[in-house]
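Novice: I am sharing input-v7.cif, which consists of mmCIF, C-alpha atoms and all ligand atoms:
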```cif
data_protein
#
loop_
_atom_site.label_atom_id
_atom_site.label_comp_id
_atom_site.auth_asym_id
_atom_site.auth_seq_id
_atom_site.Cartn_x
_atom_site.Cartn_y
_atom_site.Cartn_z
CA MET A 27 -8.40 3.28 30.63
CA ARG A 28 -7.07 5.50 33.43
CA ALA A 29 -4.76 7.35 30.99
CA SER A 30 -7.61 8.34 28.74
CA VAL A 31 -9.65 9.47 31.72
CA GLU A 32 -6.78 11.66 32.85
CA GLN A 33 -6.38 13.11 29.36
CA ASN A 34 -10.02 13.95 29.33
CA ILE A 35 -9.82 15.52 32.72
CA THR A 36 -7.04 17.76 31.46
CA ALA A 37 -8.96 18.47 28.32
CA THR A 38 -11.98 19.66 30.23
CA LYS A 39 -9.91 21.65 32.72
CA GLN A 40 -12.15 20.38 35.46
CA LYS A 41 -10.68 21.61 38.69
CA TYR A 42 -12.39 19.21 40.99
CA LEU A 43 -11.56 16.23 38.85
CA SER A 44 -7.93 17.28 38.39
CA ALA A 45 -7.66 17.15 42.14
CA LEU A 46 -8.54 13.48 41.87
CA VAL A 47 -5.88 12.63 39.26
CA GLY A 48 -3.41 10.13 40.65
CA LYS A 49 -5.72 9.32 43.56
CA ASP A 50 -8.21 6.53 43.80
CA ILE A 51 -11.25 7.47 41.81
CA PRO A 52 -14.44 6.03 43.30
CA ALA A 53 -15.73 3.15 41.17
CA LYS A 54 -19.03 4.89 40.29
CA LEU A 55 -17.21 7.99 39.08
CA GLU A 56 -14.69 5.97 37.11
CA GLN A 57 -17.52 4.17 35.34
CA GLN A 58 -19.26 7.46 34.54
CA LEU A 59 -16.02 8.86 33.11
CA ASP A 60 -15.46 5.75 31.03
CA GLU A 61 -18.96 5.86 29.64
CA MET A 62 -19.06 9.59 28.99
CA ASP A 63 -19.28 10.64 25.36
CA TRP A 64 -16.72 13.44 25.39
CA SER A 65 -17.59 14.45 21.83
CA TYR A 66 -20.66 16.22 23.28
CA LEU A 67 -18.42 18.90 24.75
CA LYS A 68 -17.48 20.44 21.42
CA LEU A 69 -21.16 20.92 20.66
CA ILE A 70 -21.51 23.73 23.17
CA HIS A 71 -19.70 25.99 20.72
CA GLN A 72 -22.04 25.18 17.85
CA LYS A 73 -25.41 25.60 19.45
CA GLU A 74 -27.28 26.66 16.31
CA GLN A 75 -28.81 23.78 14.47
CA LYS A 76 -28.89 23.69 10.69
CA ARG A 77 -32.46 23.58 9.50
CA GLY A 78 -33.96 22.98 6.06
CA THR A 79 -36.59 24.96 4.22
CA PHE A 80 -39.84 25.37 6.10
CA ALA A 81 -43.31 25.39 4.57
CA PRO A 82 -46.72 25.48 6.24
CA LEU A 83 -48.68 22.31 6.93
CA GLY A 84 -52.42 22.65 7.40
CA ALA A 85 -54.28 20.83 10.16
CA MET A 86 -57.39 18.75 10.38
CA GLU A 87 -59.45 21.44 12.05
CA ILE A 88 -62.21 21.19 14.65
CA PRO A 89 -65.25 21.60 12.31
CA GLU A 90 -64.06 18.72 10.12
CA ILE A 91 -63.27 16.59 13.17
CA GLU A 92 -66.74 17.26 14.61
CA GLU A 93 -68.37 16.29 11.34
CA LYS A 94 -66.48 12.97 11.16
CA LYS A 95 -66.38 12.29 14.89
CA THR A 96 -68.67 9.24 14.93
CA GLY A 97 -66.64 7.38 12.31
CA PHE A 98 -63.30 8.31 13.88
CA THR A 99 -64.50 7.28 17.33
CA LYS A 100 -65.52 3.86 16.04
CA VAL A 101 -62.13 3.26 14.40
CA GLY A 102 -60.31 4.47 17.53
CA MET A 103 -62.44 2.48 19.95
CA ASP A 104 -62.00 -0.70 17.89
CA ALA A 105 -58.23 -0.20 17.97
CA ILE A 106 -58.32 0.29 21.77
CA ARG A 107 -60.56 -2.73 22.37
CA ASN A 108 -58.24 -4.88 20.27
CA THR A 109 -55.20 -3.67 22.29
CA LYS A 110 -53.70 -2.02 19.23
CA VAL A 111 -52.92 1.13 21.23
CA GLY A 112 -50.47 1.64 24.09
CA ALA A 113 -49.76 4.87 25.97
CA VAL A 114 -46.37 6.20 27.01
CA LEU A 115 -46.11 8.72 29.84
CA LEU A 116 -42.93 10.77 29.71
CA ALA A 117 -42.14 11.44 33.35
CA GLY A 118 -38.35 11.48 33.41
CA GLY A 119 -37.98 15.28 33.35
CA GLN A 120 -36.71 17.19 36.34
CA GLY A 121 -39.27 20.00 36.25
CA THR A 122 -36.64 22.53 37.29
CA ARG A 123 -38.90 25.47 36.41
CA LEU A 124 -41.61 24.30 38.79
CA GLY A 125 -39.04 24.07 41.58
CA PHE A 126 -40.64 20.96 43.10
CA ASP A 127 -38.01 18.53 44.27
CA LYS A 128 -39.92 15.32 43.58
CA ALA A 129 -41.25 13.84 40.34
CA LYS A 130 -43.60 16.38 38.76
CA GLY A 131 -46.44 13.87 38.69
CA MET A 132 -46.32 13.77 42.51
CA PHE A 133 -47.24 17.46 42.68
CA ASN A 134 -50.58 18.12 44.40
CA ILE A 135 -52.56 20.36 42.05
CA GLY A 136 -55.62 20.16 44.35
CA VAL A 137 -56.92 23.06 46.43
CA THR A 138 -59.71 21.70 48.62
CA LYS A 139 -58.57 18.09 48.29
CA GLU A 140 -55.49 16.17 47.25
CA LEU A 141 -55.26 15.77 43.51
CA TYR A 142 -51.88 14.69 42.21
CA ILE A 143 -50.84 15.26 38.62
CA PHE A 144 -50.36 11.51 38.12
CA GLU A 145 -53.83 10.95 39.58
CA GLN A 146 -55.45 13.40 37.17
CA LEU A 147 -53.67 11.86 34.18
CA ILE A 148 -54.81 8.37 35.16
CA ALA A 149 -58.35 9.74 35.61
CA ASN A 150 -58.20 11.20 32.09
CA LEU A 151 -57.07 7.86 30.68
CA LYS A 152 -59.68 5.95 32.65
CA LYS A 153 -62.46 7.94 30.97
CA VAL A 154 -61.44 6.16 27.76
CA THR A 155 -60.74 2.73 29.23
CA THR A 156 -64.10 2.76 31.02
CA ALA A 157 -65.95 3.72 27.83
CA ALA A 158 -64.04 1.08 25.85
CA ASN A 159 -64.29 -1.49 28.62
CA ALA A 160 -60.66 -2.37 27.89
CA TRP A 161 -57.35 -1.35 29.48
CA VAL A 162 -54.77 0.57 27.49
CA PRO A 163 -51.25 -0.69 28.34
CA LEU A 164 -49.41 2.20 29.97
CA TYR A 165 -45.62 2.54 29.88
CA ILE A 166 -44.20 5.10 32.29
CA MET A 167 -40.73 6.53 31.66
CA THR A 168 -38.84 7.76 34.70
CA SER A 169 -35.19 8.72 35.23
CA ASP A 170 -32.60 7.60 37.79
CA LYS A 171 -33.52 10.74 39.74
CA ASN A 172 -37.17 9.89 40.26
CA ASP A 173 -37.68 6.22 39.41
CA ALA A 174 -37.89 4.80 42.94
CA GLN A 175 -40.13 7.58 44.26
CA THR A 176 -42.45 7.35 41.25
CA ARG A 177 -42.90 3.59 41.58
CA GLU A 178 -43.46 3.90 45.33
CA PHE A 179 -45.95 6.73 44.84
CA PHE A 180 -48.01 4.74 42.37
CA ALA A 181 -47.93 1.68 44.63
CA GLU A 182 -48.92 3.73 47.71
CA HIS A 183 -51.91 5.09 45.81
CA ASP A 184 -52.90 1.72 44.44
CA TYR A 185 -52.09 2.88 40.92
CA PHE A 186 -55.01 5.30 41.16
CA GLY A 187 -57.34 2.46 40.29
CA TYR A 188 -55.51 1.45 37.09
CA ASP A 189 -54.92 -2.27 36.59
CA LEU A 190 -51.28 -2.94 37.53
CA GLU A 191 -51.17 -5.71 34.92
CA TYR A 192 -51.26 -2.94 32.31
CA ILE A 193 -48.60 -0.66 33.82
CA ARG A 194 -44.87 -0.96 33.14
CA PHE A 195 -42.13 1.42 34.28
CA PHE A 196 -38.83 1.98 32.51
CA VAL A 197 -35.87 4.26 33.15
CA GLN A 198 -34.30 6.66 30.68
CA GLU A 199 -30.57 7.26 30.17
CA MET A 200 -28.54 9.95 31.94
CA VAL A 201 -25.78 12.23 30.58
CA PRO A 202 -23.32 14.52 32.37
CA ALA A 203 -24.07 18.25 32.51
CA VAL A 204 -21.28 20.80 31.97
CA ASP A 205 -20.78 24.39 33.04
CA PHE A 206 -20.79 27.17 30.46
CA ASP A 207 -17.04 26.65 29.82
CA GLY A 208 -17.49 22.95 29.15
CA ASN A 209 -16.21 21.67 32.48
CA VAL A 210 -17.99 18.65 33.84
CA LEU A 211 -19.60 19.21 37.24
CA MET A 212 -19.67 16.97 40.29
CA GLU A 213 -22.88 16.40 42.22
CA SER A 214 -21.19 14.42 44.99
CA GLU A 215 -17.70 13.13 45.68
CA ASP A 216 -18.38 9.94 43.78
CA SER A 217 -20.59 11.18 40.96
CA LEU A 218 -20.63 13.62 38.08
CA ALA A 219 -23.68 15.88 37.91
CA MET A 220 -25.83 13.72 35.69
CA SER A 221 -29.14 14.66 34.14
CA PRO A 222 -31.79 12.85 32.12
CA ASN A 223 -30.95 12.79 28.40
CA GLY A 224 -34.15 14.48 27.22
CA ASN A 225 -37.48 13.04 26.14
CA GLY A 226 -36.23 11.98 22.67
CA GLY A 227 -34.64 8.79 23.96
CA TRP A 228 -37.94 7.31 25.17
CA PHE A 229 -38.23 4.61 22.52
CA LYS A 230 -34.59 3.52 22.78
CA SER A 231 -34.91 3.31 26.56
CA LEU A 232 -38.16 1.38 26.24
CA VAL A 233 -36.45 -1.13 23.95
CA LYS A 234 -33.39 -1.28 26.22
CA ALA A 235 -35.72 -2.21 29.06
CA GLY A 236 -37.04 -5.08 26.91
CA LEU A 237 -40.54 -3.62 26.78
CA ASP A 238 -40.69 -3.85 22.99
CA LYS A 239 -41.27 -7.56 23.58
CA ASP A 240 -44.23 -6.78 25.81
CA ILE A 241 -45.59 -4.39 23.18
CA LYS A 242 -45.22 -6.92 20.40
CA ALA A 243 -46.64 -9.75 22.51
CA LYS A 244 -49.73 -7.65 23.19
CA GLY A 245 -50.11 -6.88 19.48
CA ILE A 246 -49.84 -3.10 19.98
CA GLU A 247 -49.52 -1.16 16.72
CA TRP A 248 -49.71 2.46 17.90
CA LEU A 249 -48.12 4.33 20.77
CA ASN A 250 -49.65 7.51 22.14
CA VAL A 251 -46.84 9.43 23.83
CA PHE A 252 -47.64 12.31 26.17
CA ALA A 253 -46.08 14.67 28.69
CA VAL A 254 -46.61 14.45 32.42
CA ASP A 255 -47.23 18.15 32.84
CA ASN A 256 -50.50 18.76 31.00
CA VAL A 257 -53.27 17.99 33.47
CA LEU A 258 -55.94 18.21 30.75
CA GLN A 259 -54.05 15.73 28.59
CA GLN A 260 -56.52 13.49 26.75
CA ILE A 261 -54.78 10.13 26.48
CA ALA A 262 -55.66 7.37 24.01
CA ASP A 263 -58.29 9.72 22.61
CA PRO A 264 -60.33 7.48 20.28
CA VAL A 265 -61.16 10.39 17.95
CA PHE A 266 -57.48 11.26 17.49
CA ILE A 267 -56.52 7.60 17.05
CA GLY A 268 -59.36 7.00 14.60
CA ALA A 269 -58.54 10.14 12.58
CA THR A 270 -54.85 9.21 12.34
CA ILE A 271 -55.59 5.63 11.26
CA ALA A 272 -58.25 6.78 8.78
CA SER A 273 -55.88 9.42 7.32
CA GLY A 274 -53.33 6.72 6.46
CA CYS A 275 -50.63 8.75 8.24
CA VAL A 276 -47.88 6.98 10.20
CA SER A 277 -47.96 9.54 13.00
CA GLY A 278 -50.22 12.19 14.44
CA ALA A 279 -49.79 15.23 16.64
CA LYS A 280 -52.37 17.06 18.68
CA VAL A 281 -52.10 20.78 18.08
CA VAL A 282 -53.76 23.93 19.38
CA ARG A 283 -54.34 27.16 17.50
CA LYS A 284 -51.70 29.68 18.54
CA THR A 285 -53.02 32.64 20.54
CA ASN A 286 -50.76 35.06 18.65
CA PRO A 287 -48.04 34.86 15.98
CA TYR A 288 -45.29 34.97 18.58
CA GLU A 289 -46.63 32.48 21.10
CA ARG A 290 -43.74 30.45 22.50
CA VAL A 291 -44.76 27.05 21.17
CA GLY A 292 -43.32 24.87 18.42
CA ALA A 293 -45.47 24.89 15.27
CA LEU A 294 -46.09 21.77 13.21
CA CYS A 295 -45.06 22.41 9.62
CA LEU A 296 -43.04 20.90 6.78
CA GLU A 297 -39.26 21.01 6.56
CA ASP A 298 -37.85 20.01 3.20
CA GLY A 299 -41.20 18.34 2.54
CA LYS A 300 -41.19 16.26 5.73
CA PRO A 301 -43.28 16.85 8.83
CA SER A 302 -41.36 18.88 11.35
CA ILE A 303 -41.67 21.28 14.26
CA VAL A 304 -40.35 24.78 13.94
CA GLU A 305 -39.58 26.47 17.24
CA TYR A 306 -41.05 29.93 17.86
CA TYR A 307 -37.57 31.50 17.88
CA GLU A 308 -36.76 29.98 14.48
CA LEU A 309 -39.66 31.78 12.77
CA THR A 310 -38.83 35.04 11.02
CA PRO A 311 -41.42 37.79 11.70
CA GLU A 312 -42.66 37.33 8.10
CA MET A 313 -43.24 33.62 8.69
CA ALA A 314 -44.73 34.15 12.14
CA GLU A 315 -47.27 36.68 10.83
CA ALA A 316 -48.03 35.11 7.43
CA VAL A 317 -51.73 34.25 6.98
CA ASN A 318 -53.80 32.31 4.45
CA GLU A 319 -56.83 33.60 2.51
CA ASN A 320 -59.02 33.12 5.63
CA GLY A 321 -56.69 35.21 7.73
CA SER A 322 -55.41 32.19 9.72
CA LEU A 323 -51.72 32.00 10.62
CA LEU A 324 -49.77 29.74 8.27
CA TYR A 325 -47.57 28.56 11.14
CA GLY A 326 -50.50 28.75 13.48
CA PHE A 327 -50.80 25.32 15.11
CA GLY A 328 -48.65 24.59 18.14
CA VAL A 329 -47.78 21.11 19.40
CA ILE A 330 -48.76 20.09 22.95
CA LEU A 331 -46.60 16.97 23.36
CA ASN A 332 -49.30 14.44 22.57
CA TYR A 333 -48.18 12.30 19.65
CA LEU A 334 -49.27 9.07 18.07
CA PHE A 335 -46.63 6.89 16.39
CA ARG A 336 -47.08 3.72 14.38
CA LEU A 337 -44.92 1.03 15.94
CA ASP A 338 -43.35 -0.28 12.73
CA LYS A 339 -42.05 3.22 11.96
CA LEU A 340 -40.61 3.59 15.45
CA LEU A 341 -38.76 0.30 15.04
CA GLU A 342 -37.47 1.51 11.68
CA ILE A 343 -35.93 4.71 13.12
CA GLU A 344 -34.83 3.26 16.46
CA SER A 345 -31.13 3.12 15.65
CA LYS A 346 -31.04 6.59 14.06
CA GLN A 347 -29.37 9.38 15.99
CA LEU A 348 -31.58 12.34 16.89
CA PRO A 349 -30.03 15.82 16.93
CA LEU A 350 -28.63 16.90 20.28
CA HIS A 351 -30.04 20.05 21.84
CA ILE A 352 -28.11 22.06 24.34
CA VAL A 353 -30.30 23.45 27.06
CA GLU A 354 -29.38 25.87 29.84
CA LYS A 355 -30.55 24.57 33.22
CA LYS A 356 -29.98 24.99 36.94
CA VAL A 357 -27.75 22.10 37.98
CA PRO A 358 -26.63 21.62 41.61
CA TYR A 359 -22.87 21.03 41.86
CA LEU A 360 -19.97 20.74 44.31
CA ASP A 361 -17.85 23.88 44.28
CA GLU A 362 -14.04 23.90 44.55
CA ASN A 363 -14.33 23.52 48.31
CA GLY A 364 -16.55 20.50 47.97
CA VAL A 365 -19.64 22.44 49.11
CA LEU A 366 -22.93 21.66 47.32
CA GLN A 367 -24.26 24.73 45.50
CA LYS A 368 -27.88 25.00 44.35
CA PRO A 369 -27.91 27.77 41.75
CA GLU A 370 -30.87 30.16 41.46
CA THR A 371 -30.25 30.78 37.77
CA PRO A 372 -29.14 28.46 34.97
CA ASN A 373 -25.45 27.56 35.38
CA ALA A 374 -24.98 24.56 33.12
CA TYR A 375 -25.68 22.99 29.78
CA LYS A 376 -27.59 19.75 29.51
CA PHE A 377 -27.52 17.62 26.38
CA GLU A 378 -30.92 16.42 25.31
CA THR A 379 -32.60 14.73 22.41
CA LEU A 380 -36.22 15.71 21.90
CA ILE A 381 -39.26 13.74 20.89
CA LEU A 382 -40.29 16.50 18.50
CA ASP A 383 -37.33 15.58 16.29
CA MET A 384 -38.84 12.13 15.83
CA ILE A 385 -41.67 13.72 13.85
CA TYR A 386 -39.15 14.74 11.18
CA MET A 387 -38.22 11.06 10.85
CA MET A 388 -41.80 10.11 10.04
CA ASP A 389 -43.02 10.01 6.42
CA ASN A 390 -46.05 12.08 7.35
CA CYS A 391 -47.96 13.34 10.36
CA LEU A 392 -51.62 14.19 10.87
CA SER A 393 -51.88 17.62 12.46
CA PHE A 394 -55.01 17.26 14.61
CA GLU A 395 -56.55 20.37 16.13
CA VAL A 396 -57.96 20.22 19.66
CA VAL A 397 -59.77 22.80 21.79
CA ARG A 398 -57.08 24.45 23.85
CA GLU A 399 -59.26 25.19 26.90
CA LYS A 400 -60.28 21.55 27.06
CA GLU A 401 -56.97 19.82 26.44
CA PHE A 402 -54.05 22.06 27.28
CA ALA A 403 -53.21 23.04 30.84
CA PRO A 404 -49.44 22.75 31.18
CA VAL A 405 -47.79 22.98 34.59
CA LYS A 406 -44.33 24.33 33.81
CA ASN A 407 -43.88 27.17 36.30
CA ALA A 408 -44.95 27.81 39.89
CA THR A 409 -46.71 31.07 38.96
CA GLY A 410 -47.63 33.09 35.86
CA VAL A 411 -47.82 31.58 32.38
CA ASP A 412 -48.30 27.78 32.15
CA SER A 413 -48.29 27.50 35.88
CA VAL A 414 -49.95 25.77 38.78
CA GLU A 415 -52.37 28.74 38.95
CA SER A 416 -53.33 28.68 35.28
CA ALA A 417 -53.70 24.89 35.27
CA ARG A 418 -55.97 25.04 38.34
CA GLU A 419 -58.17 27.62 36.63
CA LEU A 420 -58.45 25.44 33.54
CA LEU A 421 -59.25 22.33 35.57
CA GLN A 422 -62.09 24.25 37.25
CA LYS A 423 -63.37 25.54 33.90
CA ASN A 424 -63.60 21.89 32.88
CA HIS A 425 -65.66 21.13 36.00
CA ILE A 426 -62.95 19.04 37.58
CA VAL A 427 -63.19 19.29 41.36
CA ILE A 428 -59.85 20.36 42.76
P1 LIG B 501 -39.87 19.66 29.73
O1 LIG B 501 -39.30 20.03 28.44
O2 LIG B 501 -40.87 20.60 30.31
O3 LIG B 501 -38.67 19.43 30.75
O4 LIG B 501 -40.49 18.21 29.59
P2 LIG B 501 -38.65 19.18 32.33
O5 LIG B 501 -37.29 18.63 32.65
O6 LIG B 501 -39.79 18.30 32.77
O7 LIG B 501 -38.90 20.58 32.99
P3 LIG B 501 -37.94 21.88 33.15
O8 LIG B 501 -37.67 22.36 31.76
O9 LIG B 501 -36.70 21.42 33.86
O10 LIG B 501 -38.76 22.84 33.95
C1 LIG B 501 -41.56 17.89 28.75
C2 LIG B 501 -41.95 16.45 29.04
O11 LIG B 501 -40.87 15.57 28.74
C3 LIG B 501 -40.51 14.82 29.89
C4 LIG B 501 -41.02 15.61 31.07
O12 LIG B 501 -41.19 14.77 32.20
C5 LIG B 501 -42.31 16.16 30.50
O13 LIG B 501 -43.32 15.17 30.50
N1 LIG B 501 -39.05 14.64 29.93
C6 LIG B 501 -38.23 15.71 29.78
C7 LIG B 501 -38.54 13.37 30.13
O14 LIG B 501 -39.32 12.39 30.30
N2 LIG B 501 -37.19 13.23 30.17
C8 LIG B 501 -36.34 14.27 30.02
O15 LIG B 501 -35.12 14.05 30.06
C9 LIG B 501 -36.86 15.53 29.81
#
```
Show me, as structure tokens, the structure contained in the file I just sent.
Ligand code: UTP
Specialist:
Amino acid sequence: MRASVEQNITATKQKYLSALVGKDIPAKLEQQLDEMDWSYLKLIHQKEQKRGTFAPLGAMEIPEIEEKKTGFTKVGMDAIRNTKVGAVLLAGGQGTRLGFDKAKGMFNIGVTKELYIFEQLIANLKKVTTAANAWVPLYIMTSDKNDAQTREFFAEHDYFGYDLEYIRFFVQEMVPAVDFDGNVLMESEDSLAMSPNGNGGWFKSLVKAGLDKDIKAKGIEWLNVFAVDNVLQQIADPVFIGATIASGCVSGAKVVRKTNPYERVGALCLEDGKPSIVEYYELTPEMAEAVNENGSLLYGFGVILNYLFRLDKLLEIESKQLPLHIVEKKVPYLDENGVLQKPETPNAYKFETLILDMIYMMDNCLSFEVVREKEFAPVKNATGVDSVESARELLQKNHIVI
């Protein structure tokens, strides 16, 4: 095994690691090197992904949803009361843009009182569980970087009043980050700089943790997967669940109407006839500005990372490989002198799979429009667009005391 490690070290021209060749490599590092999928490295030279032919996909829009709300709510509430719905909180990200060094959910979004992101999300979910008089099993994905602190934080806060019986934590996989020349980086003398492998691996990690058994034992048929960073996230929304079930679709995605043709969100559409998400930078100006007979944008509904998946379909695609995305991020690393550097600007590539690519693996997907001001307050940055400031404003607009 050592020989192949040394070959790889040479291949990646990693200065720090070459210094270790011939010496004792700490056990943790040796294991990381053994487990590393070196084929990732060649991907940094072929960053563009091949995409198929895009076509617009309409959405179930707010007037129609309002008209059918009573029926949808009944279907959704029945599913919740019969424990057919579980929720999955994706909280393994590093939130590098926010610049907060703990799990993003531990961020205090309050102004006059403490109000943590996790707390607000649980409060949003409890609105539904209280109305249904039934708990929704909640699966929380963390990463090696924030697992212990997340579990401790929830325990310290008594799970924000959620029934611990219905909460399970699981940890996602990690992959090594590389610098822009493809050299692996070290984060300490006994460890490569590792980062979470993106939010696309959530179902595999959930199964690896054995939680599929828990899901099956409970009789869950649908999983509502959502991001940690939208404080207005409506979780296990009975109307959304009911509409998706009633539509006969195997998946659903909450979407908001784009504010302008060039808004930096992924738009739900069709790709080679299958549901898919086209990124804003993949749209040509003609596609971005194209409108229908009512003047609405054809690629005008952006996803907000709130999806509903039917369990049998997730099990069907579990072993399939999702495309790898290469993302530029700020990754702390040991320099040639062994000094830890914390870069101010992106210095490395991370390899991630993304949940949005799972939509393309579904036979169909209900595009379900929601009111942006009521359901979309992302906390991505410290200031400016999609920031702590903008999320606070939106919370206040929704009469949430912060
Ligand atoms: P983002 O794409 O915003 O990534 O995550 P991030 O790592 O949290 O933040 P930046 O880009 O470094 O600032 C969207 C959602 O996916 C989760 C995040 O926790 C968030 O809920 N996520 C992301 C994971 O659970 N694991 C990952 O590896 C990446």
Novice: Write out as a list of chain:residue names which residues come within 6 Å of stretch 286-301 of chain A when counting all atoms listed in the file, dropping same-chain ones fewer than 5 positions away.
Specialist: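 Non-adjacent residues within range: A:Gly78, A:Thr79, A:Phe80, A:Ala81, A:Pro82, A:Leu83, A:Tyr306, A:Ala314, A:Glu315, A:Tyr325, A:Phe327, A:Gly328, A:Val329, A:Tyr386, A:Asn390.
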Novice: Considering all atoms listed in the file, can you say which of A:Phe206, A:Phe394, A:Tyr185, A:Phe144 comes closest to ligand LIG 501 (chain B)?
Specialist: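 The closest residue to ligand LIG 501 (chain B) is A:Phe144.
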Novice: Please find the residues contacting ligand LIG 501 (chain B) at a distance of at most 6 Å between atoms, with only C-alpha atoms and all ligand atoms counted, and report them as a PyMOL selection string.
Specialist: chain A and resi 116-124+222-225+253-255+406
Novice: Tell me which protein, DNA and RNA residues are within 10 Å of stretch 187-190 of chain A, counting only C-alpha atoms, leaving out same-chain ones fewer than 6 positions away, and put them as number ranges by chain.
Specialist: A: 145, 148-149, 151-152, 155, 161-164, 180-181
Novice: Considering all atoms listed in the file, state which residue in the set A:Ala243, A:Ile343, A:Ile193, A:Leu334 is at the smallest distance from A:Ile166.
Specialist: A:Ile193
Novice: List as a list in words the protein and nucleic acid residues near A:Val427, meaning an atom at most 10 Å away when only C-alpha atoms are counted, but skip any in the same chain fewer than 6 places from it.
Specialist: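 Here the answer would be Gly136, Val137, Thr138, Lys139, Leu141, Arg418 and Leu421 of chain A.
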Novice: Can you tell me, as a JSON list (two decimals) with C-alpha atoms, keeping the file's coordinate frame, which residues sit within 7 Å of (-33.1, 28.4, 38.1) in the file's frame, using all atoms listed in the file?
Specialist:
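Dumped everything to part-v7.json:
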```json
[["chain", "number", "residue", "atom", "x", "y", "z"],
["A", 122, "THR", "CA", -36.64, 22.53, 37.29],
["A", 123, "ARG", "CA", -38.90, 25.47, 36.41],
["A", 355, "LYS", "CA", -30.55, 24.57, 33.22],
["A", 356, "LYS", "CA", -29.98, 24.99, 36.94],
["A", 369, "PRO", "CA", -27.91, 27.77, 41.75],
["A", 370, "GLU", "CA", -30.87, 30.16, 41.46],
["A", 371, "THR", "CA", -30.25, 30.78, 37.77],
["A", 372, "PRO", "CA", -29.14, 28.46, 34.97]]
```
Novice: Using all atoms listed in the file, which residues sit within 7 Å of A:Val257 once same-chain residues fewer than 6 positions away are excluded, as JSON, numbers by chain?
Specialist: {"A": [143, 146, 147, 403, 404]}
Novice: Kindly give the distance, in Å, that separates atom CA of A:Leu380 and atom CA of A:Glu419, rounded to a single decimal.
Specialist: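 If I compute the distance from atom CA of A:Leu380 to atom CA of A:Glu419, I get 29.0 Å.
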Novice: I'd like to know which of A:Leu350, A:Asn256, A:Glu92, A:Gly410 is closest to A:Lys76, using all atoms listed in the file.
Specialist: A:Leu350
Novice: Which of these, A:Gly112, A:Pro358, A:Gly321, A:Gly326, has the shortest distance to A:Lys244 once you count only C-alpha atoms?
Specialist: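 The closest residue to A:Lys244 is A:Gly112.
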Novice: Please provide the set of residues having any atom within 9 Å of stretch 109-111 of chain A, restricted to all atoms listed in the file, with same-chain residues fewer than 4 positions apart removed, written as a ChimeraX atom specification.
Specialist: /A:102,104-105,160-163,244-250,262,267
Novice: Which distance in Å separates atom CA of A:Asp263 and atom CA of A:Val414, to one decimal?
Specialist: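 Taking atom CA of A:Asp263 as the start and atom CA of A:Val414 as the end point, the length is 24.3 Å.
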Novice: For a test of reading the model, state the distance in Å between atom CA of A:Met387 and atom CA of A:Asp173, rounded to one decimal.
Specialist: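 Atom CA of A:Asp173 lies 29.0 Å from atom CA of A:Met387.
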Novice: Under the rule that all atoms listed in the file are counted, which of A:Glu305, A:Gly227, A:Val405, A:Ala85 is the nearest residue to A:Gly131?
Specialist: A:Val405
Novice: Which residue gives the smallest distance to A:Glu312 among A:Leu324, A:Cys391, A:Val251, A:Ile106, with all atoms listed in the file counted?
Specialist: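 The answer is A:Leu324, which sits nearest to A:Glu312.
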Novice: What are the closest atom pairs, with distances in Å to one decimal, for each residue of stretch 314-353 of chain A lying within 12 Å of stretch 45-69 of chain A, using all atoms listed in the file, rows by chain and rising residue number, as JSON lines?
Specialist:
```
{"residue": "A:Pro349", "atom": "CA", "partner": "A:Leu69", "partner_atom": "CA", "distance": 10.9}
{"residue": "A:Leu350", "atom": "CA", "partner": "A:Leu69", "partner_atom": "CA", "distance": 8.5}
{"residue": "A:His351", "atom": "CA", "partner": "A:Leu69", "partner_atom": "CA", "distance": 9.0}
{"residue": "A:Ile352", "atom": "CA", "partner": "A:Leu69", "partner_atom": "CA", "distance": 7.9}
{"residue": "A:Val353", "atom": "CA", "partner": "A:Leu69", "partner_atom": "CA", "distance": 11.4}
```
